[in-house]
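**Student:** For reference, the file input_25.txt (compact mmCIF, N, CA and C atoms) is included below:
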```txt
# COMPACT_ATOMS: atom_id res chain seq x y z
N MET X 86 111.15 107.72 87.69
CA MET X 86 110.32 106.55 87.87
C MET X 86 109.01 106.80 87.14
N THR X 87 108.64 105.86 86.29
CA THR X 87 107.41 106.04 85.53
C THR X 87 106.20 105.69 86.37
N GLN X 88 105.07 106.28 86.00
CA GLN X 88 103.84 106.00 86.74
C GLN X 88 103.43 104.53 86.61
N LYS X 89 103.69 103.93 85.46
CA LYS X 89 103.35 102.53 85.25
C LYS X 89 104.15 101.63 86.19
N PHE X 90 105.43 101.93 86.35
CA PHE X 90 106.27 101.16 87.26
C PHE X 90 105.80 101.32 88.70
N LEU X 91 105.49 102.55 89.09
CA LEU X 91 105.03 102.81 90.45
C LEU X 91 103.70 102.11 90.72
N ALA X 92 102.78 102.16 89.78
CA ALA X 92 101.47 101.51 89.96
C ALA X 92 101.63 100.01 90.17
N ALA X 93 102.60 99.39 89.55
CA ALA X 93 102.82 97.94 89.71
C ALA X 93 103.28 97.59 91.12
N ARG X 94 103.84 98.54 91.85
CA ARG X 94 104.31 98.28 93.21
C ARG X 94 103.23 98.45 94.27
N LEU X 95 102.05 98.91 93.89
CA LEU X 95 100.96 99.11 94.84
C LEU X 95 100.27 97.77 95.09
N SER X 96 100.81 96.99 96.01
CA SER X 96 100.35 95.61 96.20
C SER X 96 99.62 95.36 97.51
N GLU X 97 99.50 96.39 98.35
CA GLU X 97 98.84 96.23 99.65
C GLU X 97 97.51 96.98 99.66
N ARG X 98 96.48 96.31 100.17
CA ARG X 98 95.16 96.94 100.26
C ARG X 98 95.06 97.65 101.61
N VAL X 99 94.73 98.94 101.60
CA VAL X 99 94.60 99.71 102.83
C VAL X 99 93.27 100.45 102.84
N ARG X 100 92.82 100.77 104.04
CA ARG X 100 91.61 101.57 104.24
C ARG X 100 92.01 102.92 104.82
N ILE X 101 91.40 103.98 104.33
CA ILE X 101 91.57 105.31 104.91
C ILE X 101 90.26 105.63 105.61
N GLU X 102 90.35 106.01 106.89
CA GLU X 102 89.15 106.32 107.68
C GLU X 102 89.29 107.70 108.31
N GLN X 103 88.16 108.38 108.45
CA GLN X 103 88.14 109.70 109.08
C GLN X 103 87.35 109.64 110.38
N PRO X 104 87.72 110.47 111.34
CA PRO X 104 86.99 110.47 112.61
C PRO X 104 85.61 111.11 112.45
N VAL X 105 84.62 110.52 113.09
CA VAL X 105 83.26 111.04 113.08
C VAL X 105 82.67 110.88 114.48
N HIS X 106 81.53 111.50 114.70
CA HIS X 106 80.79 111.32 115.94
C HIS X 106 79.58 110.46 115.62
N ALA X 107 79.41 109.37 116.37
CA ALA X 107 78.30 108.45 116.16
C ALA X 107 77.33 108.52 117.33
N ASP X 108 76.09 108.24 117.06
CA ASP X 108 75.06 108.21 118.09
C ASP X 108 75.32 107.00 119.00
N ASP X 109 75.32 107.22 120.30
CA ASP X 109 75.57 106.11 121.23
C ASP X 109 74.30 105.35 121.61
N GLY X 110 73.16 105.75 121.03
CA GLY X 110 71.91 105.06 121.31
C GLY X 110 71.22 105.53 122.59
N GLN X 111 71.85 106.45 123.31
CA GLN X 111 71.28 106.96 124.55
C GLN X 111 71.20 108.48 124.53
N GLY X 112 71.20 109.06 123.34
CA GLY X 112 71.09 110.51 123.22
C GLY X 112 72.41 111.24 123.19
N GLY X 113 73.50 110.54 123.31
CA GLY X 113 74.83 111.15 123.28
C GLY X 113 75.58 110.76 122.02
N ILE X 114 76.84 111.15 121.99
CA ILE X 114 77.68 110.79 120.85
C ILE X 114 78.97 110.15 121.35
N VAL X 115 79.53 109.31 120.52
CA VAL X 115 80.80 108.66 120.81
C VAL X 115 81.70 108.81 119.58
N PRO X 116 83.02 108.86 119.79
CA PRO X 116 83.92 108.93 118.63
C PRO X 116 83.90 107.61 117.87
N ALA X 117 83.95 107.69 116.55
CA ALA X 117 83.95 106.50 115.70
C ALA X 117 84.76 106.83 114.43
N TRP X 118 84.90 105.84 113.57
CA TRP X 118 85.64 106.00 112.32
C TRP X 118 84.75 105.64 111.15
N GLU X 119 84.88 106.41 110.05
CA GLU X 119 84.08 106.20 108.85
C GLU X 119 85.01 105.99 107.66
N LEU X 120 84.70 105.00 106.83
CA LEU X 120 85.51 104.70 105.66
C LEU X 120 85.47 105.87 104.67
N VAL X 121 86.64 106.31 104.24
CA VAL X 121 86.78 107.34 103.21
C VAL X 121 87.10 106.68 101.88
N ALA X 122 88.05 105.75 101.90
CA ALA X 122 88.47 105.07 100.67
C ALA X 122 89.19 103.77 101.03
N GLU X 123 89.11 102.83 100.12
CA GLU X 123 89.90 101.60 100.20
C GLU X 123 90.73 101.56 98.93
N VAL X 124 92.07 101.56 99.08
CA VAL X 124 92.96 101.74 97.93
C VAL X 124 94.13 100.76 97.99
N TRP X 125 94.80 100.64 96.85
CA TRP X 125 96.05 99.88 96.77
C TRP X 125 97.19 100.80 97.11
N ALA X 126 98.17 100.28 97.85
CA ALA X 126 99.29 101.10 98.30
C ALA X 126 100.58 100.28 98.34
N GLU X 127 101.68 100.99 98.41
CA GLU X 127 102.97 100.38 98.69
C GLU X 127 103.35 100.79 100.12
N ILE X 128 103.68 99.82 100.96
CA ILE X 128 104.08 100.07 102.34
C ILE X 128 105.53 99.65 102.50
N THR X 129 106.37 100.57 102.98
CA THR X 129 107.77 100.26 103.24
C THR X 129 108.17 100.83 104.60
N PRO X 130 109.15 100.23 105.27
CA PRO X 130 109.56 100.74 106.58
C PRO X 130 110.30 102.06 106.47
N LEU X 131 110.09 102.92 107.46
CA LEU X 131 110.90 104.13 107.63
C LEU X 131 111.94 103.80 108.69
N LEU X 132 113.16 104.03 108.39
CA LEU X 132 114.22 103.72 109.36
C LEU X 132 114.26 104.77 110.44
N PRO X 133 114.60 104.41 111.69
CA PRO X 133 114.72 105.41 112.75
C PRO X 133 115.87 106.36 112.45
N ARG X 134 115.77 107.55 112.98
CA ARG X 134 116.85 108.52 112.83
C ARG X 134 118.14 107.94 113.43
N GLN X 135 119.26 108.29 112.86
CA GLN X 135 120.53 107.73 113.31
C GLN X 135 120.84 108.10 114.75
N ASN X 136 120.39 109.25 115.19
CA ASN X 136 120.70 109.67 116.56
C ASN X 136 119.65 109.21 117.58
N GLN X 137 118.70 108.41 117.15
CA GLN X 137 117.65 107.94 118.06
C GLN X 137 118.10 106.62 118.69
N ALA X 138 118.11 106.58 120.00
CA ALA X 138 118.52 105.36 120.71
C ALA X 138 117.49 104.26 120.47
N ILE X 139 117.96 103.02 120.41
CA ILE X 139 117.08 101.89 120.12
C ILE X 139 115.98 101.75 121.16
N ASP X 140 116.24 102.09 122.42
CA ASP X 140 115.21 101.96 123.45
C ASP X 140 114.15 103.05 123.36
N GLN X 141 114.36 104.07 122.51
CA GLN X 141 113.36 105.11 122.32
C GLN X 141 112.37 104.76 121.21
N ILE X 142 112.64 103.71 120.47
CA ILE X 142 111.77 103.31 119.36
C ILE X 142 110.66 102.43 119.94
N GLN X 143 109.48 103.02 120.10
CA GLN X 143 108.37 102.30 120.71
C GLN X 143 107.26 102.01 119.72
N ASP X 144 107.34 102.57 118.56
CA ASP X 144 106.29 102.33 117.58
C ASP X 144 106.87 102.05 116.21
N THR X 145 106.08 101.44 115.37
CA THR X 145 106.49 101.13 114.02
C THR X 145 106.15 102.29 113.12
N ARG X 146 107.12 102.76 112.36
CA ARG X 146 106.89 103.86 111.43
C ARG X 146 107.08 103.35 110.01
N LEU X 147 106.10 103.67 109.16
CA LEU X 147 106.10 103.17 107.80
C LEU X 147 105.84 104.30 106.81
N ARG X 148 106.25 104.07 105.58
CA ARG X 148 105.97 104.99 104.46
C ARG X 148 104.93 104.32 103.58
N CYS X 149 103.91 105.06 103.20
CA CYS X 149 102.83 104.55 102.38
C CYS X 149 102.69 105.42 101.14
N ILE X 150 102.73 104.80 99.97
CA ILE X 150 102.52 105.50 98.70
C ILE X 150 101.22 104.98 98.11
N MET X 151 100.34 105.90 97.71
CA MET X 151 99.07 105.51 97.09
C MET X 151 98.67 106.55 96.05
N ARG X 152 97.80 106.13 95.14
CA ARG X 152 97.27 107.09 94.18
C ARG X 152 96.48 108.16 94.92
N GLU X 153 96.60 109.38 94.45
CA GLU X 153 95.86 110.48 95.07
C GLU X 153 94.41 110.40 94.61
N GLN X 154 93.54 109.91 95.49
CA GLN X 154 92.12 109.76 95.14
C GLN X 154 91.23 110.66 95.99
N VAL X 155 91.63 110.90 97.20
CA VAL X 155 90.85 111.74 98.11
C VAL X 155 91.82 112.62 98.89
N ALA X 156 91.30 113.73 99.40
CA ALA X 156 92.11 114.58 100.27
C ALA X 156 92.29 113.88 101.61
N ILE X 157 93.52 113.74 102.06
CA ILE X 157 93.84 113.05 103.32
C ILE X 157 94.55 114.03 104.22
N ASN X 158 94.26 113.98 105.52
CA ASN X 158 94.99 114.81 106.47
C ASN X 158 95.38 113.98 107.69
N THR X 159 96.09 114.59 108.60
CA THR X 159 96.65 113.85 109.74
C THR X 159 95.62 113.50 110.81
N SER X 160 94.38 113.92 110.66
CA SER X 160 93.34 113.48 111.60
C SER X 160 92.79 112.11 111.19
N TYR X 161 93.07 111.69 109.97
CA TYR X 161 92.61 110.39 109.48
C TYR X 161 93.50 109.28 110.02
N ARG X 162 93.06 108.05 109.80
CA ARG X 162 93.91 106.91 110.12
C ARG X 162 93.91 105.95 108.94
N LEU X 163 94.90 105.08 108.93
CA LEU X 163 95.05 104.08 107.88
C LEU X 163 94.94 102.71 108.53
N ILE X 164 94.21 101.81 107.92
CA ILE X 164 94.10 100.42 108.39
C ILE X 164 94.83 99.54 107.39
N TRP X 165 95.83 98.81 107.87
CA TRP X 165 96.60 97.90 107.03
C TRP X 165 96.72 96.58 107.78
N LYS X 166 96.32 95.51 107.13
CA LYS X 166 96.34 94.17 107.73
C LYS X 166 95.60 94.17 109.08
N ASN X 167 94.46 94.84 109.11
CA ASN X 167 93.59 94.94 110.28
C ASN X 167 94.21 95.69 111.46
N ASN X 168 95.29 96.43 111.23
CA ASN X 168 95.93 97.22 112.29
C ASN X 168 95.77 98.70 111.99
N PRO X 169 95.38 99.50 112.99
CA PRO X 169 95.25 100.94 112.76
C PRO X 169 96.60 101.66 112.87
N TYR X 170 96.82 102.62 112.00
CA TYR X 170 98.03 103.43 112.00
C TYR X 170 97.64 104.90 111.97
N ALA X 171 98.28 105.71 112.79
CA ALA X 171 98.08 107.16 112.76
C ALA X 171 98.85 107.73 111.57
N ILE X 172 98.23 108.65 110.86
CA ILE X 172 98.90 109.35 109.77
C ILE X 172 99.51 110.61 110.36
N TYR X 173 100.83 110.72 110.31
CA TYR X 173 101.45 111.90 110.91
C TYR X 173 102.14 112.81 109.90
N TRP X 174 102.14 112.46 108.62
CA TRP X 174 102.70 113.33 107.59
C TRP X 174 102.08 112.97 106.26
N VAL X 175 101.63 113.96 105.50
CA VAL X 175 101.01 113.75 104.19
C VAL X 175 101.65 114.72 103.20
N SER X 176 102.02 114.19 102.04
CA SER X 176 102.60 115.04 101.01
C SER X 176 102.37 114.41 99.65
N PRO X 177 102.23 115.24 98.61
CA PRO X 177 102.28 114.64 97.27
C PRO X 177 103.63 113.96 97.11
N SER X 178 103.66 112.84 96.45
CA SER X 178 104.90 112.11 96.25
C SER X 178 105.91 112.96 95.49
N ILE X 179 107.16 112.82 95.85
CA ILE X 179 108.23 113.58 95.21
C ILE X 179 108.35 113.20 93.73
N ASN X 180 108.11 111.94 93.41
CA ASN X 180 108.35 111.44 92.06
C ASN X 180 107.24 111.81 91.07
N THR X 181 106.02 111.92 91.52
CA THR X 181 104.91 112.22 90.62
C THR X 181 103.77 112.83 91.41
N SER X 182 103.07 113.76 90.82
CA SER X 182 101.99 114.45 91.53
C SER X 182 100.70 113.63 91.57
N ASP X 183 100.65 112.48 90.91
CA ASP X 183 99.44 111.66 90.92
C ASP X 183 99.35 110.75 92.13
N TYR X 184 100.33 110.80 93.00
CA TYR X 184 100.39 109.90 94.15
C TYR X 184 100.59 110.71 95.43
N ASN X 185 100.09 110.17 96.54
CA ASN X 185 100.33 110.75 97.87
C ASN X 185 101.37 109.90 98.59
N GLU X 186 102.17 110.55 99.38
CA GLU X 186 103.09 109.86 100.28
C GLU X 186 102.64 110.15 101.70
N LEU X 187 102.42 109.10 102.49
CA LEU X 187 102.02 109.23 103.88
C LEU X 187 103.09 108.60 104.75
N TRP X 188 103.34 109.19 105.90
CA TRP X 188 104.14 108.54 106.93
C TRP X 188 103.16 108.16 108.02
N ILE X 189 103.21 106.90 108.41
CA ILE X 189 102.26 106.38 109.39
C ILE X 189 102.99 105.71 110.53
N LYS X 190 102.33 105.61 111.67
CA LYS X 190 102.92 104.91 112.83
C LYS X 190 101.83 104.18 113.57
N THR X 191 102.24 103.15 114.30
CA THR X 191 101.27 102.41 115.08
C THR X 191 100.59 103.33 116.07
N LYS X 192 99.32 103.09 116.30
CA LYS X 192 98.57 103.90 117.25
C LYS X 192 98.78 103.34 118.63
N ASN X 193 99.18 104.18 119.57
CA ASN X 193 99.40 103.74 120.95
C ASN X 193 98.18 104.02 121.79
```
Go through the file and emit its structure as structure tokens.
**Tutor:**
Amino acid sequence: MTQKFLAARLSERVRIEQPVHADDGQGGIVPAWELVAEVWAEITPLLPRQNQAIDQIQDTRLRCIMREQVAINTSYRLIWKNNPYAIYWVSPSINTSDYNELWIKTKN
């Protein structure tokens, strides 16, 4: 798969956010999220494992491909269509090293 073909499939705008501690205005701190990057991505569904019973599927799991622009880890989250998703797996894409592949799931 050529990089030009892959780039044409990046049609979804997503935000990558990292956890931070914010001032609560009363001398303490509260957990918050800070924008790391806003990028174009391809989002596709990940199918459940064949041996997983349908009643065990409680969250949506998706595959996200994006250009490698920043270092991403599983403490970050992804925002797509105003919905937060936990990043539970990060790897350089199998097809090309210029892209990251993320597996994400709905945050419960």
**Student:** When you look at range 117-131 of chain X with a cut-off of 8 Å (counting only C-alpha atoms), what residues show up, excluding the ones that are within fewer than 4 positions of it in the same chain? I need them as a PDB file with N, CA and C atoms, in the frame of the given file.
**Tutor:**
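What landed in out_18.pdb:
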```
ATOM      1  N   ARG X  94     103.840  98.540  91.850  1.00  0.00           N
ATOM      2  CA  ARG X  94     104.310  98.280  93.210  1.00  0.00           C
ATOM      3  C   ARG X  94     103.230  98.450  94.270  1.00  0.00           C
ATOM      4  N   LEU X  95     102.050  98.910  93.890  1.00  0.00           N
ATOM      5  CA  LEU X  95     100.960  99.110  94.840  1.00  0.00           C
ATOM      6  C   LEU X  95     100.270  97.770  95.090  1.00  0.00           C
ATOM      7  N   SER X  96     100.810  96.990  96.010  1.00  0.00           N
ATOM      8  CA  SER X  96     100.350  95.610  96.200  1.00  0.00           C
ATOM      9  C   SER X  96      99.620  95.360  97.510  1.00  0.00           C
ATOM     10  N   GLU X  97      99.500  96.390  98.350  1.00  0.00           N
ATOM     11  CA  GLU X  97      98.840  96.230  99.650  1.00  0.00           C
ATOM     12  C   GLU X  97      97.510  96.980  99.660  1.00  0.00           C
ATOM     13  N   ARG X  98      96.480  96.310 100.170  1.00  0.00           N
ATOM     14  CA  ARG X  98      95.160  96.940 100.260  1.00  0.00           C
ATOM     15  C   ARG X  98      95.060  97.650 101.610  1.00  0.00           C
ATOM     16  N   VAL X  99      94.730  98.940 101.600  1.00  0.00           N
ATOM     17  CA  VAL X  99      94.600  99.710 102.830  1.00  0.00           C
ATOM     18  C   VAL X  99      93.270 100.450 102.840  1.00  0.00           C
ATOM     19  N   ARG X 100      92.820 100.770 104.040  1.00  0.00           N
ATOM     20  CA  ARG X 100      91.610 101.570 104.240  1.00  0.00           C
ATOM     21  C   ARG X 100      92.010 102.920 104.820  1.00  0.00           C
ATOM     22  N   ILE X 101      91.400 103.980 104.330  1.00  0.00           N
ATOM     23  CA  ILE X 101      91.570 105.310 104.910  1.00  0.00           C
ATOM     24  C   ILE X 101      90.260 105.630 105.610  1.00  0.00           C
ATOM     25  N   GLU X 102      90.350 106.010 106.890  1.00  0.00           N
ATOM     26  CA  GLU X 102      89.150 106.320 107.680  1.00  0.00           C
ATOM     27  C   GLU X 102      89.290 107.700 108.310  1.00  0.00           C
ATOM     28  N   GLN X 103      88.160 108.380 108.450  1.00  0.00           N
ATOM     29  CA  GLN X 103      88.140 109.700 109.080  1.00  0.00           C
ATOM     30  C   GLN X 103      87.350 109.640 110.380  1.00  0.00           C
ATOM     31  N   PRO X 104      87.720 110.470 111.340  1.00  0.00           N
ATOM     32  CA  PRO X 104      86.990 110.470 112.610  1.00  0.00           C
ATOM     33  C   PRO X 104      85.610 111.110 112.450  1.00  0.00           C
ATOM     34  N   VAL X 105      84.620 110.520 113.090  1.00  0.00           N
ATOM     35  CA  VAL X 105      83.260 111.040 113.080  1.00  0.00           C
ATOM     36  C   VAL X 105      82.670 110.880 114.480  1.00  0.00           C
ATOM     37  N   HIS X 106      81.530 111.500 114.700  1.00  0.00           N
ATOM     38  CA  HIS X 106      80.790 111.320 115.940  1.00  0.00           C
ATOM     39  C   HIS X 106      79.580 110.460 115.620  1.00  0.00           C
ATOM     40  N   ALA X 107      79.410 109.370 116.370  1.00  0.00           N
ATOM     41  CA  ALA X 107      78.300 108.450 116.160  1.00  0.00           C
ATOM     42  C   ALA X 107      77.330 108.520 117.330  1.00  0.00           C
ATOM     43  N   ARG X 146     107.120 102.760 112.360  1.00  0.00           N
ATOM     44  CA  ARG X 146     106.890 103.860 111.430  1.00  0.00           C
ATOM     45  C   ARG X 146     107.080 103.350 110.010  1.00  0.00           C
ATOM     46  N   LEU X 147     106.100 103.670 109.160  1.00  0.00           N
ATOM     47  CA  LEU X 147     106.100 103.170 107.800  1.00  0.00           C
ATOM     48  C   LEU X 147     105.840 104.300 106.810  1.00  0.00           C
ATOM     49  N   ARG X 148     106.250 104.070 105.580  1.00  0.00           N
ATOM     50  CA  ARG X 148     105.970 104.990 104.460  1.00  0.00           C
ATOM     51  C   ARG X 148     104.930 104.320 103.580  1.00  0.00           C
ATOM     52  N   CYS X 149     103.910 105.060 103.200  1.00  0.00           N
ATOM     53  CA  CYS X 149     102.830 104.550 102.380  1.00  0.00           C
ATOM     54  C   CYS X 149     102.690 105.420 101.140  1.00  0.00           C
ATOM     55  N   ILE X 150     102.730 104.800  99.970  1.00  0.00           N
ATOM     56  CA  ILE X 150     102.520 105.500  98.700  1.00  0.00           C
ATOM     57  C   ILE X 150     101.220 104.980  98.110  1.00  0.00           C
ATOM     58  N   MET X 151     100.340 105.900  97.710  1.00  0.00           N
ATOM     59  CA  MET X 151      99.070 105.510  97.090  1.00  0.00           C
ATOM     60  C   MET X 151      98.670 106.550  96.050  1.00  0.00           C
ATOM     61  N   ARG X 152      97.800 106.130  95.140  1.00  0.00           N
ATOM     62  CA  ARG X 152      97.270 107.090  94.180  1.00  0.00           C
ATOM     63  C   ARG X 152      96.480 108.160  94.920  1.00  0.00           C
ATOM     64  N   VAL X 155      91.630 110.900  97.200  1.00  0.00           N
ATOM     65  CA  VAL X 155      90.850 111.740  98.110  1.00  0.00           C
ATOM     66  C   VAL X 155      91.820 112.620  98.890  1.00  0.00           C
TER      67      VAL X 155
END
```
**Student:** Take CA of Asn185 in chain X and CA of Glu153 in chain X and report the distance between them in Å, one decimal.
**Tutor:**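 One can read the CA of Asn185 in chain X to CA of Glu153 in chain X distance as 5.3 Å.
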**Student:** What's the 8 Å shell around Lys190 in chain X, counting all atoms listed in the file, without same-chain residues fewer than 6 positions away, as a list in words?
**Tutor:**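 Near Lys190 in chain X, the qualifying residues are Asp144, Thr145, Arg146, Leu147, Arg148, Leu163, Pro169, Tyr170, Ala171, Ile172, Tyr173 and Trp174 of chain X.
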**Student:** Distance atom N of Gln154 in chain X-atom N of Asp108 in chain X, one decimal place?
**Tutor:** 27.8 Å
**Student:** Separation of atom C of Asn168 in chain X and atom N of Ala93 in chain X, in Å?
**Tutor:** 23.5 Å
**Student:** Emit a file covering range 99-126 of chain X of the preceding structure with N, CA and C atoms, as a compact mmCIF listing (two decimals), in the first residue's frame.
**Tutor:**
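Printed below is part_32.txt as written:
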```txt
# COMPACT_ATOMS: atom_id res chain seq x y z
N VAL X 99 -9.45 13.92 14.38
CA VAL X 99 -9.41 13.45 15.76
C VAL X 99 -8.47 14.34 16.58
N ARG X 100 -8.72 14.35 17.88
CA ARG X 100 -7.86 15.06 18.83
C ARG X 100 -7.15 14.03 19.70
N ILE X 101 -5.87 14.26 19.95
CA ILE X 101 -5.11 13.45 20.90
C ILE X 101 -4.88 14.33 22.12
N GLU X 102 -5.25 13.82 23.30
CA GLU X 102 -5.10 14.58 24.54
C GLU X 102 -4.32 13.77 25.56
N GLN X 103 -3.55 14.47 26.38
CA GLN X 103 -2.78 13.82 27.45
C GLN X 103 -3.30 14.26 28.80
N PRO X 104 -3.20 13.39 29.80
CA PRO X 104 -3.67 13.76 31.13
C PRO X 104 -2.71 14.77 31.78
N VAL X 105 -3.29 15.74 32.46
CA VAL X 105 -2.52 16.75 33.19
C VAL X 105 -3.21 17.03 34.51
N HIS X 106 -2.54 17.74 35.38
CA HIS X 106 -3.14 18.21 36.62
C HIS X 106 -3.39 19.69 36.48
N ALA X 107 -4.63 20.12 36.74
CA ALA X 107 -5.00 21.53 36.62
C ALA X 107 -5.31 22.10 38.00
N ASP X 108 -5.09 23.38 38.14
CA ASP X 108 -5.39 24.08 39.38
C ASP X 108 -6.91 24.13 39.55
N ASP X 109 -7.40 23.76 40.72
CA ASP X 109 -8.85 23.78 40.96
C ASP X 109 -9.35 25.13 41.45
N GLY X 110 -8.45 26.11 41.57
CA GLY X 110 -8.86 27.44 42.01
C GLY X 110 -8.95 27.58 43.53
N GLN X 111 -8.72 26.49 44.25
CA GLN X 111 -8.79 26.53 45.71
C GLN X 111 -7.50 25.99 46.33
N GLY X 112 -6.42 26.02 45.58
CA GLY X 112 -5.14 25.57 46.09
C GLY X 112 -4.85 24.10 45.86
N GLY X 113 -5.76 23.38 45.26
CA GLY X 113 -5.56 21.97 44.96
C GLY X 113 -5.42 21.73 43.47
N ILE X 114 -5.40 20.46 43.11
CA ILE X 114 -5.32 20.11 41.70
C ILE X 114 -6.41 19.11 41.36
N VAL X 115 -6.82 19.13 40.12
CA VAL X 115 -7.82 18.20 39.61
C VAL X 115 -7.30 17.61 38.30
N PRO X 116 -7.68 16.37 37.99
CA PRO X 116 -7.25 15.79 36.71
C PRO X 116 -7.95 16.51 35.55
N ALA X 117 -7.22 16.72 34.47
CA ALA X 117 -7.76 17.38 33.28
C ALA X 117 -7.05 16.81 32.05
N TRP X 118 -7.45 17.27 30.88
CA TRP X 118 -6.87 16.81 29.62
C TRP X 118 -6.35 18.01 28.84
N GLU X 119 -5.19 17.83 28.19
CA GLU X 119 -4.55 18.88 27.42
C GLU X 119 -4.35 18.40 25.99
N LEU X 120 -4.66 19.26 25.02
CA LEU X 120 -4.50 18.92 23.61
C LEU X 120 -3.03 18.70 23.27
N VAL X 121 -2.74 17.57 22.64
CA VAL X 121 -1.40 17.27 22.15
C VAL X 121 -1.34 17.53 20.65
N ALA X 122 -2.35 17.06 19.93
CA ALA X 122 -2.38 17.23 18.47
C ALA X 122 -3.81 17.03 17.97
N GLU X 123 -4.11 17.68 16.87
CA GLU X 123 -5.35 17.45 16.15
C GLU X 123 -4.94 17.01 14.75
N VAL X 124 -5.35 15.79 14.36
CA VAL X 124 -4.83 15.17 13.13
C VAL X 124 -5.96 14.51 12.34
N TRP X 125 -5.64 14.21 11.08
CA TRP X 125 -6.53 13.43 10.23
C TRP X 125 -6.23 11.96 10.44
N ALA X 126 -7.28 11.14 10.47
CA ALA X 126 -7.10 9.72 10.74
C ALA X 126 -8.12 8.89 9.96
```
